[in-house]
Amino acid sequence: MADMAAKGESPEILFWVGCAGSFDERYKRVTRAFVKILQAVDVKFAVLGPEETCTGDPARRAGNEFLFQMQAMSNIQVLNGYNVKKIVTACPHCFNTIKNEYPELGGAYEVIHHSTFLQQLIQEGKIKVEGGSFKGKKITYHDSCYLGRANNIYEAPRSVLEALDADLVEMKRCRTTGLCCGAGGAQMFKEPEKGDKDINIERAEEALATGASTIAVACPFCMTMLSDGVKGKDRENDVKVKDLAELIAESQGLQ
Amino acid sequence: MIQQALFVITLGVAIYFIRKRVLRLWANIGLGKDRVINDQPGERLSNMVLVAFGQKKMFKKFIPAILHLFIYVGFVVINLEVLEFIIDGVAGTHRIFAPYLGGFYTVLMNIFEFLALAVLLACVFFLIRRNVLKIKRFHAAELTAWPRMDANIILCTEIVLMLAILNMNAADQVLQQLHAEHYMPTGKLFLSSFLVPLYDSLSETALIVMERGAWWFHILGILAFAVYVTYSKHLHIFLAFPNTYFANLERKGQMKNMPVVTNEVKLMLGLAEANTTPPAEPGRFGARDVRDLNWNNLMAAYSCTECGRCTAECPANLTGKKLSPRKIMMDTRDRMEEIGKSLETGGPGAEDGKFLLGDYITKEEINACTSCNACVEACPVMINPLEIILELRRYVAMEESGSPASWNSMFQNIETSFAPWKFPPSDRFKWAQD
């Protein structure tokens, strides 16, 4: 972003990579897949790189409002400094925080989750899914709480999967009653409390019960939790957990 | 004449107790902090009409929704008859509306009877669901002896009250056939006429005793029930309306901002003038007790009818953790009740050394929440247990620094590396080089 600004250019969108997209080995692959898609469809985009910092979501959910607002204010200063108008992110937590919680602190942007962005690209015909390497393959979609219940985004990720011509199978608990992966509310950053079972195992079992060979996710935390869950059930060889961007990139031969 | 006097006295006593209790409830809800909610009245009204009046969210579970609808419609409609009871009771008349409404009165009474039967059957089904089928959410840890008893008392009372109406009408019909004084024709009442054989052979005096007995039983039952409701989880029949009206209209993912913190953060970042007078005393950050919550959270606690749909959807509870959103609401209400009782008897009120967090709700419970909003989505009257959980977490994090150790490290990582994990910020763009 700094380079673009130095050249006096302004991007169509700012891609907010997020901490998981920047540092988590698994989710870095999603970041790269999404960037390849952006490049393939010729969208002029920028990233903040080292100027991006945590949105503050986990701090706020864990109760540390000071830390959240410190993060939020400094991010808003950077974003406003570059006069950013439109942000796309692959993380529902970053999406929710920037979209819903930054405006009150002085940061108002058009914020789009990558599932909606991909849906738009497909609808506009910028991405054409041909050949159908996914045809007939069973895919189940796991609703991220911060997309679904938190922001009422249920259809965009599904319409992306439908475009792949895959056989979309639903879990019993889906959409408004979708079961959390267990990572929200800053649970990602601590061990679960004492109980009979881990939430991600419960959810992975439900996903495996659909008989799908791919579990599609649209959130870095869900990705970690469900991958671990599938591993915990010794099914990592025949069932893959993939992000929507990876599936689209694959269908485009971008990976 | 004596009957009239007795009735007026009874009515007065009931009104006295209800008024006293309503004032108590008002004061207890008033323990909470103020929050102005006056935006989007149209949207709010529509929520109230659809969700409270129209029971929209109940219909996620069809069978209980239908049974509940019978009881709800029965309650609303049969209360029209209670109006007649009260007028008759005060004026010493009998079925005062009958001569004015004529044939329509017969129609109305028949509708009431059918509703009475529907209510009765629904209550029997509900008793079976609770006590025989033992549906899981009615047997969770927080449903101790009293909450279960409360539910059964309500259901049994409704059954008995409905039986009283039907028997009263049956005796009344026999008295009409005997042309007893005051008993004007009501036309044929379909359902209660099946009970007529029970009363056929009785003398006129016995019939009058039966009819009057059932009448008194019903109205005394209704008045006693009206008082009881204000002490019970059954308060939802009234509070569902304001609760849905004042429910959150923002996206569920949006957490309420703390303007007090915003002021301080702005000062720290040099974004605001230091001389802008900050509020005198910021008070407590987050919530330790019910007084730190707002009135809307507290009213929600009284609106909860302990159905447990929230807990049945909670991922933490489903996997055996201690957290139960229903318990959060019940604890909030019980703590308010404790403070209220203490204040009524000249006790220390909230200054009794006890707190909602610690004495009622443990950290283990609130730490288990994934903020997934499943409980908020599930609640048929739009209660938001998540808001209370997050307020309690704010207190723990900001006033006690008592968050779990791994959260404290996460906070530290964000402070020093600007990410919840300990990676150097300069590596943030590395994904592009790998």
# chains A, B, ... in the order shown; residues from 1 in each chain; ligands from 1
>>> select_by_dssp(residues="region 175-360 of chain B", states="helix (DSSP H, G or I)", output="short mmCIF file (atom, residue, chain, number, x, y, z; two decimals) with N, CA, C and O atoms, in the first residue's frame")
data_model
loop_
_atom_site.label_atom_id
_atom_site.label_comp_id
_atom_site.auth_asym_id
_atom_site.auth_seq_id
_atom_site.Cartn_x
_atom_site.Cartn_y
_atom_site.Cartn_z
N LEU B 175 -79.00 -25.81 35.48
CA LEU B 175 -79.80 -24.81 36.21
C LEU B 175 -80.73 -24.06 35.26
O LEU B 175 -81.87 -23.73 35.61
N GLN B 176 -80.24 -23.79 34.04
CA GLN B 176 -81.09 -23.11 33.06
C GLN B 176 -82.31 -23.97 32.73
O GLN B 176 -83.43 -23.48 32.64
N GLN B 177 -82.05 -25.30 32.59
CA GLN B 177 -83.17 -26.19 32.27
C GLN B 177 -84.20 -26.20 33.40
O GLN B 177 -85.39 -26.35 33.17
N PHE B 190 -71.45 -26.56 23.70
CA PHE B 190 -71.17 -27.89 23.17
C PHE B 190 -70.34 -28.77 24.09
O PHE B 190 -70.74 -29.85 24.47
N LEU B 191 -69.16 -28.29 24.45
CA LEU B 191 -68.24 -29.16 25.19
C LEU B 191 -68.73 -29.47 26.60
O LEU B 191 -68.72 -30.62 27.04
N SER B 192 -69.20 -28.42 27.29
CA SER B 192 -69.59 -28.66 28.68
C SER B 192 -70.87 -29.49 28.76
O SER B 192 -71.14 -30.12 29.78
N SER B 193 -71.64 -29.51 27.66
CA SER B 193 -72.88 -30.31 27.71
C SER B 193 -72.56 -31.80 27.88
O SER B 193 -73.40 -32.55 28.34
N VAL B 196 -72.88 -32.54 31.43
CA VAL B 196 -74.21 -32.37 32.04
C VAL B 196 -74.68 -33.62 32.80
O VAL B 196 -75.19 -33.50 33.92
N PRO B 197 -74.50 -34.83 32.25
CA PRO B 197 -74.95 -36.03 32.98
C PRO B 197 -74.42 -36.11 34.41
O PRO B 197 -75.07 -36.71 35.28
N LEU B 198 -73.26 -35.53 34.66
CA LEU B 198 -72.70 -35.55 36.02
C LEU B 198 -73.56 -34.75 36.98
O LEU B 198 -73.55 -34.99 38.19
N TYR B 199 -74.28 -33.76 36.44
CA TYR B 199 -75.00 -32.82 37.29
C TYR B 199 -76.52 -33.00 37.26
O TYR B 199 -77.23 -32.45 38.09
N GLU B 204 -81.50 -28.51 42.94
CA GLU B 204 -81.20 -27.14 42.51
C GLU B 204 -80.20 -26.49 43.45
O GLU B 204 -79.24 -25.85 43.01
N THR B 205 -80.36 -26.69 44.74
CA THR B 205 -79.44 -26.09 45.72
C THR B 205 -78.03 -26.64 45.50
O THR B 205 -77.05 -25.88 45.46
N ALA B 206 -77.96 -27.95 45.34
CA ALA B 206 -76.63 -28.56 45.14
C ALA B 206 -75.99 -27.99 43.87
O ALA B 206 -74.79 -27.68 43.85
N LEU B 207 -76.82 -27.82 42.84
CA LEU B 207 -76.30 -27.30 41.58
C LEU B 207 -75.78 -25.88 41.74
O LEU B 207 -74.72 -25.53 41.23
N ILE B 208 -76.56 -25.07 42.49
CA ILE B 208 -76.13 -23.68 42.70
C ILE B 208 -74.81 -23.67 43.47
O ILE B 208 -73.89 -22.93 43.13
N VAL B 209 -74.70 -24.55 44.46
CA VAL B 209 -73.44 -24.64 45.21
C VAL B 209 -72.29 -25.02 44.26
O VAL B 209 -71.21 -24.43 44.30
N MET B 210 -72.56 -26.00 43.40
CA MET B 210 -71.52 -26.43 42.45
C MET B 210 -71.14 -25.29 41.50
O MET B 210 -69.96 -25.03 41.27
N GLU B 211 -72.14 -24.64 40.96
CA GLU B 211 -71.89 -23.60 39.97
C GLU B 211 -71.15 -22.44 40.61
O GLU B 211 -70.14 -21.96 40.10
N ARG B 212 -71.66 -22.01 41.78
CA ARG B 212 -71.01 -20.90 42.49
C ARG B 212 -69.59 -21.30 42.93
O ARG B 212 -68.65 -20.53 42.86
N GLY B 213 -69.50 -22.54 43.38
CA GLY B 213 -68.18 -23.06 43.81
C GLY B 213 -67.18 -22.98 42.69
O GLY B 213 -66.06 -22.48 42.85
N ALA B 214 -67.61 -23.45 41.49
CA ALA B 214 -66.70 -23.44 40.34
C ALA B 214 -66.35 -22.00 39.95
O ALA B 214 -65.21 -21.69 39.61
N TRP B 215 -67.37 -21.13 40.03
CA TRP B 215 -67.14 -19.72 39.68
C TRP B 215 -66.09 -19.11 40.60
O TRP B 215 -65.13 -18.51 40.17
N TRP B 216 -66.31 -19.31 41.91
CA TRP B 216 -65.36 -18.76 42.89
C TRP B 216 -63.98 -19.40 42.75
O TRP B 216 -62.95 -18.73 42.83
N PHE B 217 -64.00 -20.70 42.52
CA PHE B 217 -62.72 -21.40 42.38
C PHE B 217 -61.94 -20.81 41.20
O PHE B 217 -60.75 -20.54 41.29
N HIS B 218 -62.68 -20.59 40.11
CA HIS B 218 -62.01 -20.09 38.91
C HIS B 218 -61.46 -18.69 39.13
O HIS B 218 -60.29 -18.42 38.84
N ILE B 219 -62.27 -17.79 39.67
CA ILE B 219 -61.81 -16.41 39.80
C ILE B 219 -60.73 -16.29 40.88
O ILE B 219 -59.74 -15.58 40.71
N LEU B 220 -60.90 -17.05 41.97
CA LEU B 220 -59.84 -17.04 43.00
C LEU B 220 -58.54 -17.60 42.41
O LEU B 220 -57.45 -17.08 42.65
N GLY B 221 -58.72 -18.67 41.62
CA GLY B 221 -57.55 -19.29 40.97
C GLY B 221 -56.85 -18.29 40.06
O GLY B 221 -55.62 -18.15 40.09
N ILE B 222 -57.65 -17.58 39.26
CA ILE B 222 -57.07 -16.60 38.33
C ILE B 222 -56.32 -15.51 39.10
O ILE B 222 -55.20 -15.15 38.76
N LEU B 223 -56.95 -15.01 40.16
CA LEU B 223 -56.31 -13.92 40.92
C LEU B 223 -55.05 -14.42 41.61
O LEU B 223 -54.00 -13.75 41.59
N ALA B 224 -55.12 -15.60 42.19
CA ALA B 224 -53.94 -16.16 42.86
C ALA B 224 -52.83 -16.37 41.83
O ALA B 224 -51.66 -16.08 42.07
N PHE B 225 -53.23 -16.86 40.67
CA PHE B 225 -52.27 -17.11 39.60
C PHE B 225 -51.63 -15.80 39.15
O PHE B 225 -50.42 -15.74 38.91
N ALA B 226 -52.46 -14.75 39.08
CA ALA B 226 -51.93 -13.46 38.64
C ALA B 226 -50.85 -12.97 39.60
O ALA B 226 -49.84 -12.40 39.19
N VAL B 227 -51.06 -13.21 40.90
CA VAL B 227 -50.04 -12.83 41.87
C VAL B 227 -48.82 -13.74 41.71
O VAL B 227 -47.67 -13.29 41.64
N TYR B 228 -49.08 -15.04 41.58
CA TYR B 228 -48.00 -16.02 41.48
C TYR B 228 -47.08 -15.73 40.28
O TYR B 228 -45.86 -15.80 40.39
N VAL B 229 -47.72 -15.39 39.16
CA VAL B 229 -46.96 -15.15 37.93
C VAL B 229 -45.84 -14.14 38.14
O VAL B 229 -44.73 -14.29 37.65
N LYS B 233 -41.16 -17.68 36.71
CA LYS B 233 -40.62 -17.60 35.37
C LYS B 233 -41.71 -17.25 34.36
O LYS B 233 -41.42 -16.90 33.22
N HIS B 234 -42.96 -17.38 34.81
CA HIS B 234 -44.08 -17.14 33.91
C HIS B 234 -44.27 -15.67 33.56
O HIS B 234 -45.12 -15.32 32.75
N LEU B 235 -43.45 -14.81 34.17
CA LEU B 235 -43.51 -13.37 33.85
C LEU B 235 -43.32 -13.09 32.37
O LEU B 235 -43.64 -12.00 31.89
N HIS B 236 -42.79 -14.06 31.65
CA HIS B 236 -42.55 -13.83 30.22
C HIS B 236 -43.83 -13.47 29.47
O HIS B 236 -43.76 -12.84 28.43
N ILE B 237 -44.99 -13.86 30.02
CA ILE B 237 -46.22 -13.55 29.29
C ILE B 237 -46.41 -12.05 29.15
O ILE B 237 -47.06 -11.59 28.22
N PHE B 238 -45.86 -11.28 30.07
CA PHE B 238 -45.92 -9.82 29.91
C PHE B 238 -44.61 -9.25 29.35
O PHE B 238 -44.61 -8.43 28.46
N LEU B 239 -43.50 -9.73 29.92
CA LEU B 239 -42.22 -9.08 29.60
C LEU B 239 -41.69 -9.43 28.22
O LEU B 239 -40.80 -8.75 27.70
N ALA B 240 -42.23 -10.48 27.59
CA ALA B 240 -41.79 -10.79 26.23
C ALA B 240 -42.03 -9.58 25.32
O ALA B 240 -41.25 -9.33 24.40
N PHE B 241 -43.07 -8.82 25.63
CA PHE B 241 -43.39 -7.68 24.75
C PHE B 241 -42.35 -6.57 24.84
O PHE B 241 -41.73 -6.24 23.84
N PRO B 242 -42.12 -5.98 26.02
CA PRO B 242 -41.04 -4.98 26.07
C PRO B 242 -39.69 -5.57 25.71
O PRO B 242 -38.85 -4.88 25.11
N ASN B 243 -39.45 -6.82 26.06
CA ASN B 243 -38.12 -7.38 25.79
C ASN B 243 -37.82 -7.46 24.30
O ASN B 243 -36.71 -7.17 23.86
N THR B 244 -38.82 -7.84 23.51
CA THR B 244 -38.58 -7.88 22.07
C THR B 244 -38.52 -6.46 21.50
O THR B 244 -37.77 -6.19 20.58
N TYR B 245 -39.29 -5.56 22.10
CA TYR B 245 -39.26 -4.17 21.61
C TYR B 245 -37.88 -3.55 21.80
O TYR B 245 -37.35 -2.89 20.91
N PRO B 259 -17.63 3.94 25.50
CA PRO B 259 -17.16 5.31 25.22
C PRO B 259 -16.16 5.82 26.27
O PRO B 259 -15.28 6.61 25.93
N VAL B 260 -16.28 5.34 27.50
CA VAL B 260 -15.33 5.77 28.55
C VAL B 260 -13.92 5.39 28.13
O VAL B 260 -12.97 6.16 28.28
N VAL B 261 -13.79 4.18 27.58
CA VAL B 261 -12.47 3.71 27.15
C VAL B 261 -12.02 4.52 25.94
O VAL B 261 -10.85 4.90 25.84
N THR B 262 -12.95 4.81 25.04
CA THR B 262 -12.59 5.58 23.85
C THR B 262 -11.95 6.90 24.23
O THR B 262 -10.92 7.28 23.68
N ASN B 263 -12.52 7.58 25.23
CA ASN B 263 -11.94 8.85 25.66
C ASN B 263 -10.51 8.68 26.13
O ASN B 263 -9.62 9.43 25.74
N GLU B 264 -10.29 7.67 26.94
CA GLU B 264 -8.95 7.47 27.49
C GLU B 264 -7.95 7.09 26.40
O GLU B 264 -6.82 7.56 26.39
N VAL B 265 -8.40 6.21 25.49
CA VAL B 265 -7.50 5.77 24.42
C VAL B 265 -7.14 6.97 23.53
O VAL B 265 -5.99 7.13 23.13
N LYS B 266 -8.11 7.82 23.29
CA LYS B 266 -7.84 9.01 22.46
C LYS B 266 -6.80 9.90 23.13
O LYS B 266 -5.91 10.43 22.48
N LEU B 267 -6.93 10.05 24.44
CA LEU B 267 -5.95 10.85 25.18
C LEU B 267 -4.56 10.22 25.07
O LEU B 267 -3.57 10.90 24.80
N MET B 268 -4.51 8.89 25.23
CA MET B 268 -3.23 8.19 25.18
C MET B 268 -2.57 8.31 23.82
O MET B 268 -1.35 8.42 23.71
N VAL B 290 -25.10 -7.16 39.37
CA VAL B 290 -26.22 -6.77 38.51
C VAL B 290 -26.29 -5.25 38.32
O VAL B 290 -26.76 -4.77 37.30
N ARG B 291 -25.80 -4.50 39.31
CA ARG B 291 -25.85 -3.04 39.18
C ARG B 291 -24.95 -2.51 38.06
O ARG B 291 -25.11 -1.39 37.61
N ASP B 292 -23.97 -3.33 37.64
CA ASP B 292 -23.07 -2.90 36.56
C ASP B 292 -23.65 -3.23 35.18
O ASP B 292 -23.12 -2.79 34.17
N TRP B 295 -30.33 -1.83 32.54
CA TRP B 295 -31.71 -2.25 32.85
C TRP B 295 -32.25 -3.24 31.83
O TRP B 295 -33.07 -4.10 32.14
N ASN B 296 -31.75 -3.10 30.59
CA ASN B 296 -32.23 -3.97 29.53
C ASN B 296 -31.79 -5.42 29.77
O ASN B 296 -32.56 -6.36 29.56
N ASN B 297 -30.55 -5.61 30.24
CA ASN B 297 -30.08 -6.95 30.60
C ASN B 297 -30.93 -7.51 31.74
O ASN B 297 -31.25 -8.70 31.76
N LEU B 298 -31.27 -6.63 32.69
CA LEU B 298 -31.99 -7.09 33.88
C LEU B 298 -33.45 -7.43 33.55
O LEU B 298 -33.98 -8.43 34.01
N MET B 299 -34.06 -6.61 32.69
CA MET B 299 -35.43 -6.92 32.28
C MET B 299 -35.45 -8.26 31.53
O MET B 299 -36.36 -9.07 31.69
N ALA B 300 -34.40 -8.48 30.73
CA ALA B 300 -34.29 -9.74 29.98
C ALA B 300 -34.28 -10.93 30.94
O ALA B 300 -34.89 -11.97 30.67
N ALA B 301 -33.61 -10.75 32.09
CA ALA B 301 -33.53 -11.85 33.05
C ALA B 301 -34.92 -12.20 33.58
O ALA B 301 -35.24 -13.37 33.78
N TYR B 302 -35.76 -11.18 33.79
CA TYR B 302 -37.13 -11.46 34.24
C TYR B 302 -38.00 -11.98 33.10
O TYR B 302 -39.06 -12.56 33.34
N SER B 303 -37.59 -11.75 31.85
CA SER B 303 -38.39 -12.22 30.71
C SER B 303 -38.14 -13.69 30.40
O SER B 303 -38.83 -14.28 29.60
N ARG B 309 -33.82 -23.29 25.28
CA ARG B 309 -33.43 -23.44 23.88
C ARG B 309 -32.03 -22.90 23.65
O ARG B 309 -31.30 -23.38 22.79
N CYS B 310 -31.66 -21.86 24.42
CA CYS B 310 -30.30 -21.29 24.31
C CYS B 310 -29.27 -22.33 24.70
O CYS B 310 -28.31 -22.58 23.97
N THR B 311 -29.48 -22.95 25.84
CA THR B 311 -28.52 -23.92 26.36
C THR B 311 -28.43 -25.14 25.46
O THR B 311 -27.35 -25.70 25.26
N ALA B 312 -29.58 -25.52 24.87
CA ALA B 312 -29.58 -26.68 23.99
C ALA B 312 -28.76 -26.43 22.72
O ALA B 312 -28.34 -27.36 22.05
N GLU B 313 -28.54 -25.14 22.37
CA GLU B 313 -27.78 -24.81 21.16
C GLU B 313 -26.34 -24.43 21.48
O GLU B 313 -25.53 -24.23 20.58
N PRO B 315 -22.61 -24.44 22.05
CA PRO B 315 -21.57 -25.43 21.76
C PRO B 315 -20.78 -25.82 23.01
O PRO B 315 -20.37 -26.98 23.14
N ALA B 316 -20.59 -24.87 23.92
CA ALA B 316 -19.84 -25.18 25.13
C ALA B 316 -20.65 -26.16 25.99
O ALA B 316 -20.14 -27.19 26.44
N ASN B 317 -21.93 -25.85 26.17
CA ASN B 317 -22.77 -26.71 27.00
C ASN B 317 -22.93 -28.11 26.38
O ASN B 317 -22.90 -29.12 27.08
N LEU B 318 -23.07 -28.15 25.06
CA LEU B 318 -23.26 -29.42 24.36
C LEU B 318 -22.07 -30.35 24.54
O LEU B 318 -22.20 -31.57 24.42
N PRO B 325 -26.18 -20.68 28.94
CA PRO B 325 -26.73 -19.32 28.81
C PRO B 325 -27.99 -19.13 29.64
O PRO B 325 -28.23 -18.05 30.19
N ARG B 326 -28.79 -20.19 29.76
CA ARG B 326 -30.00 -20.07 30.58
C ARG B 326 -29.63 -19.79 32.03
O ARG B 326 -30.26 -18.96 32.70
N LYS B 327 -28.58 -20.46 32.50
CA LYS B 327 -28.16 -20.24 33.89
C LYS B 327 -27.68 -18.80 34.08
O LYS B 327 -27.91 -18.19 35.13
N ILE B 328 -27.05 -18.23 33.06
CA ILE B 328 -26.60 -16.84 33.16
C ILE B 328 -27.80 -15.94 33.44
O ILE B 328 -27.77 -15.07 34.31
N MET B 329 -28.90 -16.18 32.71
CA MET B 329 -30.10 -15.36 32.90
C MET B 329 -30.75 -15.64 34.26
O MET B 329 -31.18 -14.72 34.96
N MET B 330 -30.83 -16.91 34.63
CA MET B 330 -31.46 -17.27 35.92
C MET B 330 -30.66 -16.69 37.08
O MET B 330 -31.22 -16.20 38.06
N ASP B 331 -29.33 -16.76 36.98
CA ASP B 331 -28.48 -16.21 38.05
C ASP B 331 -28.65 -14.71 38.16
O ASP B 331 -28.69 -14.16 39.27
N THR B 332 -28.73 -14.05 37.01
CA THR B 332 -28.91 -12.59 37.03
C THR B 332 -30.21 -12.24 37.74
O THR B 332 -30.25 -11.35 38.59
N ARG B 333 -31.26 -12.98 37.42
CA ARG B 333 -32.55 -12.73 38.06
C ARG B 333 -32.49 -13.05 39.56
O ARG B 333 -32.95 -12.27 40.40
N ASP B 334 -31.88 -14.19 39.90
CA ASP B 334 -31.84 -14.59 41.31
C ASP B 334 -31.04 -13.59 42.14
O ASP B 334 -31.38 -13.32 43.29
N ARG B 335 -29.98 -13.06 41.55
CA ARG B 335 -29.19 -12.05 42.27
C ARG B 335 -30.02 -10.77 42.49
O ARG B 335 -30.01 -10.19 43.56
N MET B 336 -30.78 -10.38 41.47
CA MET B 336 -31.65 -9.21 41.62
C MET B 336 -32.67 -9.44 42.72
O MET B 336 -32.94 -8.56 43.53
N GLU B 337 -33.25 -10.65 42.71
CA GLU B 337 -34.24 -11.00 43.73
C GLU B 337 -33.63 -10.92 45.12
O GLU B 337 -34.25 -10.42 46.05
N GLU B 338 -32.39 -11.41 45.23
CA GLU B 338 -31.73 -11.40 46.53
C GLU B 338 -31.55 -9.97 47.02
O GLU B 338 -31.86 -9.65 48.17
N ILE B 339 -31.08 -9.11 46.12
CA ILE B 339 -30.88 -7.71 46.50
C ILE B 339 -32.22 -7.07 46.85
O ILE B 339 -32.35 -6.37 47.86
N GLY B 340 -33.23 -7.33 46.02
CA GLY B 340 -34.55 -6.74 46.24
C GLY B 340 -35.14 -7.15 47.58
O GLY B 340 -35.66 -6.32 48.32
N LYS B 341 -35.03 -8.43 47.91
CA LYS B 341 -35.58 -8.92 49.19
C LYS B 341 -34.87 -8.25 50.35
O LYS B 341 -35.49 -7.86 51.32
N SER B 342 -33.56 -8.14 50.21
CA SER B 342 -32.77 -7.53 51.26
C SER B 342 -33.19 -6.07 51.46
O SER B 342 -33.37 -5.61 52.59
N LEU B 343 -33.38 -5.36 50.36
CA LEU B 343 -33.79 -3.95 50.46
C LEU B 343 -35.16 -3.82 51.11
O LEU B 343 -35.41 -2.91 51.90
N GLU B 344 -36.05 -4.76 50.78
CA GLU B 344 -37.41 -4.70 51.33
C GLU B 344 -37.42 -4.87 52.84
O GLU B 344 -38.29 -4.33 53.53
N GLY B 349 -28.94 -4.70 50.88
CA GLY B 349 -29.14 -4.68 49.42
C GLY B 349 -27.93 -5.23 48.70
O GLY B 349 -27.44 -6.30 49.05
N ALA B 350 -27.45 -4.46 47.73
CA ALA B 350 -26.33 -4.94 46.92
C ALA B 350 -25.02 -4.93 47.71
O ALA B 350 -24.04 -5.53 47.30
N GLU B 351 -25.03 -4.23 48.85
CA GLU B 351 -23.78 -4.12 49.63
C GLU B 351 -23.64 -5.26 50.62
O GLU B 351 -23.19 -5.08 51.75
N LEU B 356 -22.61 -11.01 41.55
CA LEU B 356 -23.09 -11.93 40.51
C LEU B 356 -21.92 -12.80 40.03
O LEU B 356 -22.04 -14.01 39.89
N LEU B 357 -20.78 -12.15 39.80
CA LEU B 357 -19.60 -12.88 39.36
C LEU B 357 -18.87 -13.40 40.59
O LEU B 357 -18.39 -12.63 41.41
N GLY B 358 -18.82 -14.69 40.72
CA GLY B 358 -18.14 -15.27 41.87
C GLY B 358 -19.12 -16.03 42.74
O GLY B 358 -18.95 -17.22 42.97
N ASP B 359 -20.19 -15.34 43.19
CA ASP B 359 -21.15 -16.02 44.04
C ASP B 359 -22.24 -16.75 43.25
O ASP B 359 -22.88 -17.66 43.75
N TYR B 360 -22.45 -16.32 42.03
CA TYR B 360 -23.47 -16.98 41.19
C TYR B 360 -22.82 -17.59 39.94
O TYR B 360 -22.98 -18.75 39.66
#
>>> interface_residues(of="chain B", to="chain A", cutoff="8 Å", atoms="only C-alpha atoms", output="number ranges by chain")
B: 251-255, 257-258, 261-262, 265, 313, 315-316, 319-322, 364, 367-374, 377, 390-398, 403-404, 406-407, 410-411, 414-415, 418-420, 423, 425-432
>>> atom_distance(atom1="CA of Glu142 (chain B)", atom2="CA of Cys307 (chain B)")
11.6 Å
>>> residues_around(residues="region 122-124 of chain A", least_positions_apart="3", cutoff="10 Å", atoms="only C-alpha atoms", output="PyMOL selection string")
chain A and resi 116-119+127-129+159-160+163+248
>>> closest_residue(among="B:Val22, B:Ala378, B:Ala405, B:Val174", to="Lys56 (chain B)", atoms="only C-alpha atoms")
B:Ala378
>>> residues_around(residues="Val119 (chain B)", least_positions_apart="6", cutoff="8 Å", atoms="only C-alpha atoms", output="list in words")
Leu67, Phe70, Ile71, Gly74, Glu158, Ile159 and Met162 of chain B
>>> atom_distance(atom1="CA of His94 (chain B)", atom2="CA of Val107 (chain B)")
17.8 Å
>>> atom_distance(atom1="CA of Thr106 (chain B)", atom2="CA of Ile78 (chain B)")
14.2 Å
>>> residues_around(residues="Gly54 (chain B)", least_positions_apart="4", cutoff="12 Å", atoms="only C-alpha atoms", output="list in words")
Leu45, Ser46, Asn47, Met48, Val49, Leu50, Met58, Phe59, Ala65, His68, Leu69, Tyr72, Val73, Ala240, Phe241, Thr244, Pro380 and Val381 of chain B
>>> closest_residue(among="A:Asp3, A:Asp243, A:Asp143, A:Asp42", to="Ala90 (chain A)", atoms="only C-alpha atoms")
A:Asp243
>>> residues_around(residues="Gly211 (chain A)", least_positions_apart="2", cutoff="12 Å", atoms="only C-alpha atoms", output="tab-separated table (two decimals) with C-alpha atoms, in the first residue's frame")
chain	number	residue	atom	x	y	z
A	137	LYS	CA	-17.85	-34.36	-5.52
A	138	LYS	CA	-19.52	-34.02	-2.17
A	139	ILE	CA	-18.67	-30.79	-0.40
A	140	THR	CA	-20.12	-29.66	2.87
A	167	ASP	CA	-22.70	-31.72	-4.78
A	168	LEU	CA	-23.29	-29.44	-1.80
A	169	VAL	CA	-24.46	-31.44	1.21
A	170	GLU	CA	-25.59	-29.73	4.39
A	171	MET	CA	-24.83	-30.74	7.92
A	204	ALA	CA	-15.81	-32.57	12.66
A	205	GLU	CA	-17.87	-35.68	13.41
A	206	GLU	CA	-20.95	-33.96	12.07
A	207	ALA	CA	-19.11	-32.85	8.93
A	208	LEU	CA	-17.69	-36.34	8.36
A	209	ALA	CA	-21.15	-37.85	8.79
A	213	SER	CA	-14.78	-35.48	0.75
A	214	THR	CA	-14.20	-31.76	1.19
A	215	ILE	CA	-15.19	-29.57	4.12
A	235	ARG	CA	-9.53	-38.96	8.38
A	238	ASP	CA	-9.49	-38.86	2.59
A	239	VAL	CA	-11.21	-35.67	3.77
A	240	LYS	CA	-9.75	-32.25	3.07
>>> residues_around(residues="Lys135 (chain A)", least_positions_apart="6", cutoff="10 Å", atoms="only C-alpha atoms", output="tab-separated table (two decimals) with N, CA, C and O atoms, in the first residue's frame")
chain	number	residue	atom	x	y	z
A	162	GLU	N	-21.72	-23.71	-5.18
A	162	GLU	CA	-22.62	-24.21	-6.22
A	162	GLU	C	-22.06	-23.95	-7.60
A	162	GLU	O	-22.23	-24.76	-8.52
A	164	LEU	N	-19.17	-24.23	-8.45
A	164	LEU	CA	-18.17	-25.27	-8.76
A	164	LEU	C	-18.83	-26.53	-9.29
A	164	LEU	O	-18.16	-27.49	-9.64
A	165	ASP	N	-20.17	-26.50	-9.29
A	165	ASP	CA	-20.91	-27.66	-9.77
A	165	ASP	C	-20.73	-28.87	-8.86
A	165	ASP	O	-20.87	-30.01	-9.29
A	166	ALA	N	-20.37	-28.59	-7.62
A	166	ALA	CA	-20.17	-29.70	-6.69
A	166	ALA	C	-21.50	-30.10	-6.08
A	166	ALA	O	-22.49	-29.38	-6.21
A	167	ASP	N	-21.50	-31.24	-5.44
A	167	ASP	CA	-22.70	-31.72	-4.78
A	167	ASP	C	-22.65	-31.20	-3.34
A	167	ASP	O	-21.97	-31.75	-2.49
